[in-house]
Amino acid sequence: MRYISTRGRAPVLTFAEVTLTGLASDGGLYLPERWPRFSEREIEDLRGLPYPELAARVMQPFIGEALSFDALHSLAQEAYARFAHAAVTPLIQLDARHWLLELFHGPTLAFKDIALQVLGGLFDLLLAREDSFLTVIGATSGDTGSAAIDALAGRERAEIFMLHPEGRVTDVQRVQMTTVRAPNVHNIAVTGANFDECQAMVKQLFADEMLTSRHRLGAVNSINWARLMAQVVYYFAAGSQLGAPERRIAFAVPTGNFGDVFAGYVAARMGLPIARLVVATNVNDILHRALADGNYSADTVTPTAAPSMDIQVSSNFERLLFDLGGRDGDAVAAQMATFERTRAIRLSPDQIAGTKALFSSARADASDMAAAMRWAWDRCGLAIDPHTACALHAARMLEWEAGVPVVTLATAHPGKFRDAVERATGFRPGLPRRVGDLFAREERCTRLPNNYEAIRRHILDRAMPR
Ligand SMILES: *Cc1c(COP(=O)(O)O)cnc(C)c1O
């Protein structure tokens with residue numbers, strides 16, 4: 001499989017290259033040159049497979065020659081061996097229509113583990129082949145940071161510099177990042193910044209010639225294609241449990257950067273019969289507004305109880321715009337240039353028609369989130385986290401065709417957001433024992449001002465050569 005940029009001007013890359021790169025050189029994001037398609041028979045054959053084997057089957061077409069099926073299968077087995085649930089992504093019934101897909105049984109209790117544990121393994125294999133070293137730089141509003149750090153800690157051929165906005169991540173998220181002792185892990189708390197500002201600095205670092213000439217920079221946020229690829233898998237896992245290919249299934253997805261829900265779109269493109277993809281936002285609702293009326297326009301970020309969705313600019317939305325707009329790189333480049341200038345664009349008629357055909361959306365405010373947490377607790381005895389609550393709110397609010405099961409993606413363990421859960425339900429969820437003594441461990445983190453030069457210097461002084 002070969003990979004092309006959404007802006008049409010960057011070199012076409014192989015799977016190995018795309019995994020080890022961040023943004024495309026034209027500022028776009030990479031996508032497979034075409035969507036692989038599964039027959040009904042191939043989807044039927046996924047039923048009852050152990051998760052790692054199902055993962056290898058779903059990912060294989062994207063990887064092609066780069067890894068044999070057996071190598072990919074053992075990579076997936078290794079990645080999921082540390083998950084605390086034998087099903088990896090168990091599906092829980094809520095009522096006659098609604099289901100919860102629990103994606104938080106990985107080492108850092110967030111769905112991002114599912115893709116990042118695979119990505120860590122891919123880095124090892126691909127970098128060893130090239131005898132090369134990778135400097136990963138990323139920004140996090142919480143869950144990406146801890147999951148990426150866990151996935152890369154102690155790896156021989158990669159190191160990670162992770163920026164987070166100081167005071168804007170939860171205590172659990174912070175200690176999950178800062179108590180990792182591996183010497184290849186570098187935490188940076190940026191003072192007086194929000195997530196979008198940290199993300200903007202990371203973009204600037206990737207474009208900085210002084211850095212890129214000495215270091216091979218890699219990305220672990222959802223601009224990295226391999227991450228999205230690994231997330232396509234659980235849509236197939238849930239779909240095949242609930243009767244695909246014969247039965248159509250809907251998914252409600254708590255959305256920030258549009259990565260997770262884009263993986264659902266890819267599953268649909270590959271042949272999984274998805275009736276509807278629900279884009280669920282909190283009050284930072286740029287995507288809800290874009291899908292409702294075709295105007296994609298950024299507002300200011302409002303902090304909420306679901307910080308991983310406190311985002312205005314959703315990088316992966318560009319991938320959808322590209323695919324729905326006839327894969328016209330020049331048109332997307334022009335659209336994104338307008339967006340960068342005016343913070344607003346209008347979707348084209350094709351893009352609007354494409355979104356209407358598959359996507360619905362809904363926005364949850366603080367009381368909607370609390371009500372969804374209460375419903376799950378009172379009616380099902382289940383604690384859900386505020387991100388999941390946004391999606392459950394959307395799933396329960398929309399009208400559904402008879403017979404379509406609706407799967408809400410549960411993206412974080414409720415124990416990671418226990419203050420918010422307790423406020424809504426009166427119940428304070430615990431953390432699983434395996435993460436037990438986090439708060440007793442020593443923290444390691446550098447505080448730096450919200451200043452590009454300071455952060456660049458810090459990284460240049462410490463990063464390993466390529
Ligand atoms: C990252 C994250 C999201 C949003 O996922 P995107 O891929 O950015 O849309 C939702 N919930 C939780 C808990 C997350 O960590």
# chains A, B, ... in the order shown; residues from 1 in each chain; ligands from 1
>>> closest_atom_pairs(of="chain A", to="ligand 1", cutoff="7 Å", atoms="only C-alpha atoms and all ligand atoms", output="tab-separated table")
residue	atom	partner	partner_atom_place_in_ligand_line	distance
A:Ala110	CA	ligand 1	15 (O)	5.8
A:Phe111	CA	ligand 1	15 (O)	6.4
A:Lys112	CA	ligand 1	15 (O)	6.3
A:Gly142	CA	ligand 1	15 (O)	6.8
A:Asp143	CA	ligand 1	15 (O)	4.4
A:Thr144	CA	ligand 1	1 (C)	6.2
A:Ser222	CA	ligand 1	7 (O)	6.6
A:Pro254	CA	ligand 1	10 (C)	5.0
A:Thr255	CA	ligand 1	9 (O)	3.6
A:Gly256	CA	ligand 1	9 (O)	3.8
A:Asn257	CA	ligand 1	8 (O)	3.5
A:Phe258	CA	ligand 1	9 (O)	3.9
A:Gly259	CA	ligand 1	7 (O)	3.5
A:Asp260	CA	ligand 1	7 (O)	3.8
A:Val261	CA	ligand 1	9 (O)	6.2
A:Ser308	CA	ligand 1	2 (C)	4.8
A:Met309	CA	ligand 1	4 (C)	5.5
A:His387	CA	ligand 1	11 (N)	4.9
A:Thr388	CA	ligand 1	11 (N)	6.8
A:Thr411	CA	ligand 1	13 (C)	4.4
A:Ala412	CA	ligand 1	13 (C)	4.3
>>> residues_around(residues="region 91-103 of chain A", least_positions_apart="6", cutoff="10 Å", atoms="only C-alpha atoms", output="NGL selection string")
:A and (85 or 109-114 or 234-235 or 237-238 or 241-242 or 250-252 or 376 or 379-382 or 384 or 388 or 392 or 395-396 or 400 or 402-413)
>>> atom_distance(atom1="CA of Phe38 (chain A)", atom2="CA of Ala391 (chain A)")
27.7 Å
>>> select_by_dssp(residues="region 124-198 of chain A", states="strand (DSSP E or B)", output="ChimeraX atom specification")
/A:134-139,158-165,185-191
>>> residues_around(residues="Leu29 (chain A)", least_positions_apart="3", cutoff="8 Å", atoms="only C-alpha atoms", output="PyMOL selection string")
chain A and resi 5-7+23-24+223+316+318-319
>>> closest_residue(among="A:Thr135, A:Ala420, A:Pro307, A:Pro465", to="Asn282 (chain A)", atoms="only C-alpha atoms")
A:Pro307
